[in-house]
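To be precise, the following lines are protein34.tsv, and they hold TSV, C-alpha atoms and all ligand atoms.
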```
chain	number	residue	atom	x	y	z
A	26	MET	CA	80.71	90.19	160.76
A	27	GLU	CA	81.84	86.85	159.41
A	28	LYS	CA	83.67	86.97	156.14
A	29	LYS	CA	81.99	85.40	153.14
A	30	ILE	CA	83.41	82.13	151.94
A	31	ILE	CA	84.89	81.68	148.49
A	32	LEU	CA	85.84	78.40	146.90
A	33	SER	CA	87.36	77.70	143.54
A	34	GLY	CA	89.67	75.28	141.85
A	35	ILE	CA	91.55	74.50	138.68
A	36	GLN	CA	92.18	71.09	137.20
A	37	ALA	CA	95.74	69.82	137.14
A	38	THR	CA	95.93	69.46	133.40
A	39	GLY	CA	99.21	70.97	132.43
A	40	ASP	CA	100.53	74.34	131.59
A	41	LEU	CA	98.37	77.28	132.47
A	42	THR	CA	97.94	80.23	130.16
A	43	LEU	CA	97.79	83.97	130.53
A	44	GLY	CA	94.02	83.47	130.19
A	45	ASN	CA	93.91	81.31	133.33
A	46	TYR	CA	95.99	83.85	135.19
A	47	LEU	CA	94.10	86.98	134.18
A	48	GLY	CA	90.71	85.26	134.24
A	49	SER	CA	91.06	83.47	137.56
A	50	ILE	CA	94.16	83.53	139.73
A	51	ASN	CA	94.75	87.27	139.37
A	52	ASN	CA	91.17	87.88	140.55
A	53	TRP	CA	91.57	85.47	143.43
A	54	VAL	CA	94.57	87.41	144.63
A	55	LYS	CA	92.41	90.51	144.91
A	56	MET	CA	89.85	88.68	147.04
A	57	GLN	CA	92.15	87.30	149.68
A	58	GLU	CA	91.74	90.24	152.04
A	59	GLU	CA	88.01	90.46	151.90
A	60	TYR	CA	86.91	86.83	152.00
A	61	ASP	CA	87.68	83.47	153.56
A	62	CYS	CA	89.13	81.75	150.54
A	63	TYR	CA	89.52	78.08	149.73
A	64	TYR	CA	91.51	77.37	146.59
A	65	MET	CA	92.08	73.81	145.59
A	66	ILE	CA	93.74	71.77	142.90
A	67	ALA	CA	90.94	69.68	141.40
A	68	ASP	CA	93.08	66.59	140.88
A	69	LEU	CA	90.10	64.22	141.12
A	70	HIS	CA	88.30	66.00	138.33
A	71	THR	CA	91.43	65.59	136.24
A	72	LEU	CA	90.94	61.81	136.34
A	73	THR	CA	87.87	62.06	134.11
A	74	ILE	CA	90.29	62.02	131.20
A	75	ARG	CA	93.31	59.74	130.87
A	76	ASN	CA	96.51	61.04	132.41
A	77	ASN	CA	100.03	59.88	132.88
A	78	PRO	CA	100.21	59.35	136.69
A	79	GLU	CA	103.66	60.87	137.11
A	80	ILE	CA	102.70	63.90	135.09
A	81	LEU	CA	99.48	64.37	137.02
A	82	ARG	CA	101.44	64.43	140.28
A	83	GLU	CA	103.89	66.88	138.77
A	84	ASN	CA	101.13	69.12	137.45
A	85	THR	CA	99.42	69.18	140.83
A	86	LEU	CA	102.58	70.44	142.51
A	87	LYS	CA	103.23	72.92	139.72
A	88	LEU	CA	99.78	74.36	140.14
A	89	ILE	CA	100.27	74.84	143.86
A	90	ALA	CA	103.57	76.58	143.13
A	91	LEU	CA	101.82	78.78	140.63
A	92	TYR	CA	99.02	79.74	143.01
A	93	VAL	CA	101.57	80.92	145.51
A	94	ALA	CA	103.94	82.50	142.98
A	95	ALA	CA	101.04	84.43	141.46
A	96	GLY	CA	100.32	86.01	144.81
A	97	LEU	CA	97.98	83.76	146.79
A	98	ASP	CA	99.30	84.04	150.29
A	99	PRO	CA	99.21	80.68	152.14
A	100	ASP	CA	98.71	82.61	155.38
A	101	LYS	CA	95.55	84.19	154.07
A	102	ASN	CA	94.09	81.47	151.88
A	103	ILE	CA	93.44	77.81	152.36
A	104	ILE	CA	95.36	76.21	149.51
A	105	PHE	CA	94.77	72.48	149.29
A	106	ILE	CA	94.53	69.36	147.17
A	107	GLN	CA	91.04	68.04	146.51
A	108	SER	CA	91.98	64.36	146.88
A	109	HIS	CA	93.44	65.09	150.32
A	110	VAL	CA	90.04	65.98	151.69
A	111	PRO	CA	87.97	62.78	151.59
A	112	ALA	CA	84.79	64.64	152.55
A	113	HIS	CA	84.48	65.81	148.94
A	114	THR	CA	84.08	62.33	147.48
A	115	ARG	CA	81.99	61.16	150.41
A	116	LEU	CA	79.56	64.00	150.03
A	117	SER	CA	79.63	63.53	146.30
A	118	TRP	CA	78.28	59.98	146.68
A	119	ILE	CA	75.39	61.23	148.77
A	120	LEU	CA	74.64	64.04	146.34
A	121	ASN	CA	74.68	61.57	143.45
A	122	CYS	CA	71.63	60.02	145.05
A	123	TYR	CA	69.87	63.40	144.88
A	124	THR	CA	70.80	64.25	141.30
A	125	TYR	CA	68.80	63.06	138.31
A	126	MET	CA	70.24	61.52	135.18
A	127	GLY	CA	68.11	63.94	133.18
A	128	GLU	CA	69.78	66.92	134.84
A	129	LEU	CA	73.25	65.61	134.14
A	130	ASN	CA	72.28	64.79	130.58
A	131	ARG	CA	71.69	68.46	129.92
A	132	MET	CA	75.22	69.55	130.84
A	133	THR	CA	76.83	71.07	127.79
A	134	GLN	CA	80.34	70.36	129.04
A	135	PHE	CA	79.50	66.66	129.26
A	136	LYS	CA	78.25	66.74	125.68
A	137	ASP	CA	81.35	68.60	124.48
A	138	LYS	CA	83.75	66.34	126.32
A	139	SER	CA	81.95	63.21	125.14
A	140	LEU	CA	82.54	64.31	121.58
A	141	LYS	CA	86.15	65.11	122.29
A	142	HIS	CA	86.88	61.88	124.15
A	143	ALA	CA	84.55	59.56	122.30
A	144	ASP	CA	86.64	56.55	123.26
A	145	ASN	CA	86.36	57.25	126.98
A	146	ILE	CA	82.91	58.45	127.97
A	147	ASN	CA	83.20	57.28	131.56
A	148	SER	CA	80.70	57.77	134.36
A	149	GLY	CA	83.10	60.12	136.14
A	150	LEU	CA	82.74	62.48	133.23
A	151	PHE	CA	78.98	62.22	133.62
A	152	THR	CA	78.91	62.83	137.38
A	153	TYR	CA	81.69	65.44	137.24
A	154	PRO	CA	79.25	68.25	138.20
A	155	VAL	CA	78.15	66.34	141.32
A	156	LEU	CA	81.70	66.20	142.62
A	157	MET	CA	81.99	69.87	141.83
A	158	ALA	CA	78.78	70.50	143.78
A	159	ALA	CA	80.28	68.62	146.73
A	160	ASP	CA	83.48	70.71	146.50
A	161	ILE	CA	81.45	73.84	146.86
A	162	LEU	CA	78.71	72.80	149.28
A	163	VAL	CA	80.96	71.06	151.77
A	164	TYR	CA	82.49	74.44	152.72
A	165	ASN	CA	79.24	76.38	152.77
A	166	ALA	CA	80.74	78.59	150.08
A	167	ASP	CA	78.87	81.83	149.38
A	168	LEU	CA	80.65	82.70	146.17
A	169	VAL	CA	82.31	80.66	143.48
A	170	PRO	CA	84.50	82.50	140.97
A	171	VAL	CA	84.09	80.64	137.70
A	172	GLY	CA	84.34	81.26	134.01
A	173	ASP	CA	81.37	81.15	131.67
A	174	ASP	CA	81.99	77.50	130.89
A	175	GLN	CA	81.31	76.50	134.50
A	176	LYS	CA	78.13	78.50	135.06
A	177	GLN	CA	75.89	75.57	134.28
A	178	HIS	CA	77.71	73.47	136.86
A	179	LEU	CA	77.05	76.10	139.44
A	180	GLU	CA	73.38	76.14	138.55
A	181	ILE	CA	73.08	72.41	139.05
A	182	THR	CA	74.93	72.80	142.37
A	183	ARG	CA	72.26	75.23	143.49
A	184	ASP	CA	69.49	72.91	142.33
A	185	ILE	CA	70.95	69.95	144.21
A	186	ALA	CA	71.43	72.05	147.36
A	187	GLU	CA	67.89	73.37	147.25
A	188	ARG	CA	66.48	69.91	146.71
A	189	PHE	CA	68.39	68.55	149.67
A	190	ASN	CA	67.41	71.49	151.86
A	191	SER	CA	63.76	71.09	151.05
A	192	LEU	CA	63.89	67.40	151.99
A	193	TYR	CA	65.98	67.66	155.17
A	194	GLY	CA	65.79	71.29	156.26
A	195	GLU	CA	68.46	74.01	155.93
A	196	THR	CA	71.74	72.20	155.39
A	197	PHE	CA	73.58	73.77	152.49
A	198	LYS	CA	74.16	77.39	151.71
A	199	ILE	CA	73.03	78.24	148.19
A	200	PRO	CA	76.18	79.49	146.43
A	201	GLU	CA	76.37	82.20	143.82
A	202	ALA	CA	78.61	82.48	140.80
A	203	TYR	CA	81.14	85.26	141.01
A	204	ILE	CA	82.00	86.42	137.55
A	205	GLY	CA	84.88	88.88	137.48
A	206	LYS	CA	84.23	92.28	135.92
A	207	VAL	CA	86.96	92.38	133.37
A	208	GLY	CA	89.21	89.74	132.03
A	209	ALA	CA	86.89	86.85	132.68
A	210	ARG	CA	87.56	85.81	129.14
A	211	ILE	CA	90.90	86.24	127.41
A	212	MET	CA	90.81	85.11	123.81
A	213	GLY	CA	93.34	83.30	121.65
A	214	LEU	CA	96.01	85.43	119.95
A	215	GLN	CA	95.51	83.72	116.61
A	216	ASN	CA	91.80	83.01	117.03
A	217	PRO	CA	90.50	85.97	118.97
A	218	THR	CA	86.91	84.79	118.71
A	219	SER	CA	87.52	81.76	120.91
A	220	LYS	CA	88.84	81.54	124.44
A	221	MET	CA	92.60	81.24	124.99
A	222	SER	CA	92.82	77.58	125.82
A	223	LYS	CA	95.65	75.57	127.30
A	224	SER	CA	94.70	72.75	124.96
A	225	ALA	CA	94.95	74.89	121.79
A	226	GLN	CA	96.99	73.10	119.15
A	227	ASP	CA	98.70	76.21	117.84
A	228	PRO	CA	101.37	77.39	120.31
A	229	MET	CA	101.13	80.90	118.86
A	230	ASP	CA	97.51	81.11	120.01
A	231	LYS	CA	98.32	81.04	123.71
A	232	ILE	CA	100.79	82.58	126.14
A	233	LEU	CA	101.90	80.04	128.69
A	234	LEU	CA	102.72	81.35	132.12
A	235	THR	CA	106.09	79.66	131.76
A	236	ASP	CA	106.91	81.13	128.33
A	237	SER	CA	110.26	82.85	127.91
A	238	GLU	CA	110.41	86.59	127.36
A	239	GLU	CA	111.46	85.96	123.79
A	240	ASP	CA	108.46	83.74	123.08
A	241	ILE	CA	106.07	86.16	124.71
A	242	ARG	CA	107.33	89.01	122.53
A	243	LYS	CA	107.22	86.87	119.42
A	244	LYS	CA	103.66	85.73	120.09
A	245	PHE	CA	102.36	89.26	120.61
A	246	LYS	CA	104.16	90.47	117.52
A	247	LYS	CA	102.38	87.79	115.49
A	248	ALA	CA	98.99	88.23	117.18
A	249	VAL	CA	96.10	88.58	114.74
A	250	THR	CA	94.71	92.12	114.42
A	251	ASP	CA	93.02	93.86	111.49
A	252	SER	CA	93.92	96.28	108.73
A	253	GLU	CA	92.65	99.46	110.34
A	254	ASN	CA	95.86	100.05	112.31
A	255	SER	CA	94.07	102.01	114.99
A	256	VAL	CA	93.84	100.99	118.64
A	257	ARG	CA	90.11	101.05	119.22
A	258	PHE	CA	87.91	98.75	121.30
A	259	ASP	CA	85.29	97.01	119.17
A	260	LYS	CA	84.79	93.39	120.11
A	261	ASP	CA	82.66	92.46	117.12
A	262	ASN	CA	84.66	94.06	114.36
A	263	LYS	CA	88.12	94.14	115.94
A	264	PRO	CA	88.28	91.06	118.18
A	265	GLY	CA	92.08	90.76	118.04
A	266	VAL	CA	92.88	94.33	119.02
A	267	SER	CA	90.08	94.35	121.59
A	268	ASN	CA	91.53	91.26	123.24
A	269	LEU	CA	95.00	92.82	123.39
A	270	MET	CA	93.43	95.92	124.91
A	271	SER	CA	91.72	93.81	127.57
A	272	ILE	CA	95.00	92.16	128.49
A	273	TYR	CA	96.77	95.51	128.66
A	274	GLY	CA	93.89	97.06	130.60
A	275	ILE	CA	93.93	94.44	133.33
A	276	LEU	CA	97.68	94.54	133.72
A	277	LYS	CA	97.92	98.33	133.73
A	278	ASN	CA	94.62	98.95	135.46
A	279	LYS	CA	93.38	101.14	132.65
A	280	ASN	CA	90.01	101.32	130.94
A	281	MET	CA	89.51	101.11	127.20
A	282	GLU	CA	89.18	104.86	126.70
A	283	GLU	CA	92.44	105.50	128.46
A	284	ILE	CA	94.16	102.91	126.31
A	285	GLU	CA	92.69	104.36	123.10
A	286	LYS	CA	94.04	107.75	124.12
A	287	GLU	CA	97.44	106.41	125.08
A	288	PHE	CA	97.95	104.86	121.66
A	289	GLU	CA	96.17	107.42	119.54
A	290	GLY	CA	97.90	107.93	116.22
A	291	GLN	CA	100.27	105.05	116.86
A	292	GLY	CA	100.19	101.83	114.93
A	293	TYR	CA	99.81	98.26	116.06
A	294	GLY	CA	103.56	97.70	116.21
A	295	VAL	CA	103.99	100.11	119.10
A	296	PHE	CA	100.85	98.90	120.83
A	297	LYS	CA	101.74	95.22	120.59
A	298	ALA	CA	105.20	95.89	121.97
A	299	ALA	CA	103.64	97.72	124.91
A	300	VAL	CA	101.29	94.81	125.61
A	301	ALA	CA	104.21	92.38	125.47
A	302	ASP	CA	106.19	94.62	127.88
A	303	ALA	CA	103.31	94.63	130.33
A	304	VAL	CA	102.95	90.86	130.21
A	305	VAL	CA	106.68	90.25	130.60
A	306	GLU	CA	106.86	92.69	133.48
A	307	ARG	CA	104.05	90.89	135.29
A	308	LEU	CA	105.12	87.33	134.55
A	309	GLN	CA	108.84	87.55	135.21
A	310	PRO	CA	108.65	87.85	139.00
A	311	ILE	CA	105.96	85.15	139.08
A	312	GLN	CA	108.16	82.82	137.05
A	313	LYS	CA	111.10	83.46	139.34
A	314	LYS	CA	109.12	82.62	142.46
A	315	TYR	CA	107.50	79.65	140.73
A	316	ASN	CA	110.87	78.16	139.82
A	317	GLU	CA	112.18	78.73	143.33
A	318	LEU	CA	109.19	76.93	144.81
A	319	LEU	CA	109.53	74.00	142.45
A	320	GLN	CA	113.12	73.62	143.61
A	321	ASN	CA	111.88	73.38	147.16
A	322	PRO	CA	109.44	70.45	147.42
A	323	GLU	CA	109.50	70.54	151.23
A	324	LYS	CA	108.18	74.05	151.25
A	325	LEU	CA	105.47	73.18	148.75
A	326	LYS	CA	104.46	70.22	150.83
A	327	ALA	CA	104.23	72.33	153.95
A	328	ILE	CA	101.94	74.73	152.12
A	329	TYR	CA	99.44	72.16	150.97
A	330	GLU	CA	99.57	70.12	154.18
A	331	ARG	CA	98.59	73.16	156.12
A	332	GLY	CA	95.72	73.84	153.72
A	333	ASP	CA	94.64	70.19	153.66
A	334	LYS	CA	94.37	70.17	157.43
A	335	LYS	CA	92.20	73.25	157.63
A	336	ALA	CA	90.04	72.11	154.73
A	337	ASN	CA	89.49	68.71	156.34
A	338	GLU	CA	88.45	70.26	159.63
A	339	LYS	CA	85.89	72.47	157.98
A	340	ALA	CA	84.55	69.91	155.48
A	341	ASN	CA	84.08	67.15	158.03
A	342	LEU	CA	81.66	69.25	160.04
A	343	LEU	CA	79.16	69.55	157.24
A	344	LEU	CA	79.66	66.00	156.04
A	345	LYS	CA	78.71	64.71	159.46
A	346	GLU	CA	75.55	66.75	159.50
A	347	VAL	CA	74.60	65.40	156.08
A	348	TYR	CA	75.32	61.81	157.11
A	349	ARG	CA	73.09	62.21	160.11
A	350	LYS	CA	70.28	63.81	158.14
A	351	VAL	CA	70.11	61.08	155.52
A	352	GLY	CA	70.08	58.34	158.12
A	353	LEU	CA	73.64	57.08	158.41
A	354	ILE	CA	74.89	56.23	161.88
A	355	VAL	CA	77.37	58.83	163.10
A	356	ASP	CA	78.92	58.51	166.56
B	401	LIG	N1	85.36	72.25	136.92
B	401	LIG	C1	86.25	73.34	137.13
B	401	LIG	C2	86.99	73.62	135.82
B	401	LIG	O1	87.18	72.78	135.01
B	401	LIG	C3	87.24	73.05	138.21
B	401	LIG	C4	86.54	72.85	139.51
B	401	LIG	C5	86.39	71.68	140.17
B	401	LIG	C6	85.90	73.87	140.27
B	401	LIG	N2	85.67	71.89	141.33
B	401	LIG	C7	85.37	73.21	141.41
B	401	LIG	C8	85.71	75.25	140.09
B	401	LIG	C9	84.64	73.91	142.37
B	401	LIG	C10	85.00	75.94	141.05
B	401	LIG	C11	84.45	75.27	142.18
B	401	LIG	O2	87.41	74.73	135.64
```
Could you write out this structure as structure tokens?
Amino acid sequence: MEKKIILSGIQATGDLTLGNYLGSINNWVKMQEEYDCYYMIADLHTLTIRNNPEILRENTLKLIALYVAAGLDPDKNIIFIQSHVPAHTRLSWILNCYTYMGELNRMTQFKDKSLKHADNINSGLFTYPVLMAADILVYNADLVPVGDDQKQHLEITRDIAERFNSLYGETFKIPEAYIGKVGARIMGLQNPTSKMSKSAQDPMDKILLTDSEEDIRKKFKKAVTDSENSVRFDKDNKPGVSNLMSIYGILKNKNMEEIEKEFEGQGYGVFKAAVADAVVERLQPIQKKYNELLQNPEKLKAIYERGDKKANEKANLLLKEVYRKVGLIVD
């Protein structure tokens, strides 16, 4: 039987956090055996906000290094750069002509980002979900691992695909969201009721994947908890401790009951130190490999060129079919 196809991507906007790792990349690593996986760097989506060009290039390479360092095997996954596969933007133009302004107007991320970047509400920001739809549909992806914040974009992708299919016959596969079981949402260490975000102002709120051991330990030591001093999972009343338990649980492959038992009768000091140990233990080898890869630009280039090539081959097939169906002349 053919393997199912997975596609996902992350924007190249700077330092990734423990939340990105546990919520996405760590899950991707587990899927590489079972599925045909396409993982891209969404550099074109990054252009919807203003970037320093040199830094954008640097961030794109860093993200590729991180994918590989975190365990995505370039032999098993197609790791590529979105802008290196022109079929995405070509399909995106076509899909724009099958997407209504009213639909895009409802996107909550557009509304949020318009507020945040009030001086730069560009049309790329508005049609962002259409490019994302093209990313997904051009590979006939079955499953798309995304966080909560991208669910609406996946819904519009399905709507666009269904609309096109009903006009021109079966063309696109209708993709499904793949929401990881645990760890889909790691919260801030200082603000445990909102998601750990790479754009958080307070450095103590987030663990960067490149943080030193010392910083990691310091940040966990200072993480917000509560006054009960008992390690118990209760998201509503103990969001801080519950978040730390989730982090520990994913890293140690333990459920909440097991963790409660492990730390029974022990205070937060011991628990926090154990969480920090687990994070350091996981991140150190990743950081080592990441730094090695960044020192070796030729190797990085070989990785993405190989992915780019495979992605182009696959994406061009569907693009051609779409061109033909809508009435463009293809050879
Ligand atoms: N919009 C996604 C984000 O900000 C990134 C992304 C771009 C993506 N294209 C995608 C995710 C296709 C999944 C599938 O996180």
Calculated over only C-alpha atoms, which of the candidates A:Glu128, A:Glu323, A:Asp333, A:Asp144 has the smallest distance to His178 in chain A?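 Closest candidate: A:Glu128.
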Counting all atoms listed in the file, closest pick from A:Thr38, A:Ser117, A:Asn45, A:Ser237 relative to Ile80 in chain A is A:Thr38
List the spatial neighbours of range 298-306 of chain A as a ChimeraX atom specification - criterion: any atom at most 8 Å away, only C-alpha atoms, same-chain residues fewer than 4 positions off excluded. /A:238,241-242,245-246,269-270,272-273,276-277,294,310
Written file, previous selection with C-alpha atoms, as a PDB file, in the frame of the given file:
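The result, stored in selection16.pdb:
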```pdb
ATOM      1  CA  GLU A 238     110.410  86.590 127.360  1.00  0.00           C
ATOM      2  CA  ILE A 241     106.070  86.160 124.710  1.00  0.00           C
ATOM      3  CA  ARG A 242     107.330  89.010 122.530  1.00  0.00           C
ATOM      4  CA  PHE A 245     102.360  89.260 120.610  1.00  0.00           C
ATOM      5  CA  LYS A 246     104.160  90.470 117.520  1.00  0.00           C
ATOM      6  CA  LEU A 269      95.000  92.820 123.390  1.00  0.00           C
ATOM      7  CA  MET A 270      93.430  95.920 124.910  1.00  0.00           C
ATOM      8  CA  ILE A 272      95.000  92.160 128.490  1.00  0.00           C
ATOM      9  CA  TYR A 273      96.770  95.510 128.660  1.00  0.00           C
ATOM     10  CA  LEU A 276      97.680  94.540 133.720  1.00  0.00           C
ATOM     11  CA  LYS A 277      97.920  98.330 133.730  1.00  0.00           C
ATOM     12  CA  GLY A 294     103.560  97.700 116.210  1.00  0.00           C
ATOM     13  CA  PRO A 310     108.650  87.850 139.000  1.00  0.00           C
TER      14      PRO A 310
END
```
Residues within 7 Å of ligand LIG 401 (chain B), counting only C-alpha atoms and all ligand atoms, as a list of chain:residue names: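 Checked against 7 Å with only C-alpha atoms and all ligand atoms; the hits are A:Leu32, A:Ser33, A:Gly34, A:Ile35, A:Gln36, A:Ala67, A:His70, A:Met157, A:Ala158, A:Asp160, A:Ile161, A:Val169, A:Pro170, A:Val171, A:Gln175.
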To one decimal place, how far is CA of Asn280 in chain A from CA of Asn268 in chain A in Å?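 Pair CA of Asn280 in chain A / CA of Asn268 in chain A returns 12.8 Å.
Across the structure, CA of Leu319 in chain A and CA of Asp227 in chain A are spaced 27.0 Å apart.
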Rounded to one decimal place, report the CA of Thr124 in chain A-CA of Val155 in chain A distance in Å.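 It comes out at 7.6 Å.
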Within 10 Å of (97.5, 82.4, 124.9) (coordinates as in the file), grab all the protein and nucleic acid residues, counting only C-alpha atoms, and write them out as a VMD selection string. chain A and resid 41 to 45 211 to 217 220 to 223 225 227 to 234 241 244 to 245 248
Which residues come within 7 Å of Gln107 in chain A, counting all atoms listed in the file, excluding same-chain residues fewer than 6 positions away, as a compact mmCIF listing (two decimals) with C-alpha atoms, keeping the file's coordinate frame?
```txt
# COMPACT_ATOMS: atom_id res chain seq x y z
CA MET A 65 92.08 73.81 145.59
CA ILE A 66 93.74 71.77 142.90
CA ALA A 67 90.94 69.68 141.40
CA ASP A 68 93.08 66.59 140.88
CA LEU A 69 90.10 64.22 141.12
```
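Nearest to Asn145 in chain A of all the residues A:Thr73, A:Thr235, A:Asn84, A:Asn165 is A:Thr73, based on all atoms listed in the file.
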For Ile181 in chain A, find every residue with an atom within 12 Å (counting all atoms listed in the file), except residues of its own chain fewer than 3 positions away, and show them as a PyMOL selection string. chain A and resi 120-121+123-133+152-159+161-162+175-178+184-188+199-202
Write the selection just made, keeping C-alpha atoms, as a CSV table (one decimal), keeping the file's coordinate frame?
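To be explicit, this is the file written out as out01.csv:
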```
chain,number,residue,atom,x,y,z
A,120,LEU,CA,74.6,64.0,146.3
A,121,ASN,CA,74.7,61.6,143.4
A,123,TYR,CA,69.9,63.4,144.9
A,124,THR,CA,70.8,64.2,141.3
A,125,TYR,CA,68.8,63.1,138.3
A,126,MET,CA,70.2,61.5,135.2
A,127,GLY,CA,68.1,63.9,133.2
A,128,GLU,CA,69.8,66.9,134.8
A,129,LEU,CA,73.2,65.6,134.1
A,130,ASN,CA,72.3,64.8,130.6
A,131,ARG,CA,71.7,68.5,129.9
A,132,MET,CA,75.2,69.6,130.8
A,133,THR,CA,76.8,71.1,127.8
A,152,THR,CA,78.9,62.8,137.4
A,153,TYR,CA,81.7,65.4,137.2
A,154,PRO,CA,79.2,68.2,138.2
A,155,VAL,CA,78.2,66.3,141.3
A,156,LEU,CA,81.7,66.2,142.6
A,157,MET,CA,82.0,69.9,141.8
A,158,ALA,CA,78.8,70.5,143.8
A,159,ALA,CA,80.3,68.6,146.7
A,161,ILE,CA,81.4,73.8,146.9
A,162,LEU,CA,78.7,72.8,149.3
A,175,GLN,CA,81.3,76.5,134.5
A,176,LYS,CA,78.1,78.5,135.1
A,177,GLN,CA,75.9,75.6,134.3
A,178,HIS,CA,77.7,73.5,136.9
A,184,ASP,CA,69.5,72.9,142.3
A,185,ILE,CA,71.0,70.0,144.2
A,186,ALA,CA,71.4,72.0,147.4
A,187,GLU,CA,67.9,73.4,147.2
A,188,ARG,CA,66.5,69.9,146.7
A,199,ILE,CA,73.0,78.2,148.2
A,200,PRO,CA,76.2,79.5,146.4
A,201,GLU,CA,76.4,82.2,143.8
A,202,ALA,CA,78.6,82.5,140.8
```
A:Ser148, A:Thr196, A:Asn316, A:Thr114 ranked by distance to Arg349 in chain A, top pick (using all atoms listed in the file):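 The answer is A:Thr196, which sits nearest to Arg349 in chain A.
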At most 6 Å from (77.7, 81.8, 151.4), file frame, all atoms listed in the file: which residues, as a JSON list (two decimals) with C-alpha atoms, in the coordinates of the input?
```
[["chain", "number", "residue", "atom", "x", "y", "z"],
["A", 29, "LYS", "CA", 81.99, 85.40, 153.14],
["A", 30, "ILE", "CA", 83.41, 82.13, 151.94],
["A", 165, "ASN", "CA", 79.24, 76.38, 152.77],
["A", 166, "ALA", "CA", 80.74, 78.59, 150.08],
["A", 167, "ASP", "CA", 78.87, 81.83, 149.38],
["A", 198, "LYS", "CA", 74.16, 77.39, 151.71],
["A", 200, "PRO", "CA", 76.18, 79.49, 146.43]]
```
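Proximity to Lys350 in chain A was assessed for A:Phe197, A:Tyr329, A:Phe258, A:Tyr203 counting only C-alpha atoms; the smallest distance is recorded for A:Phe197.
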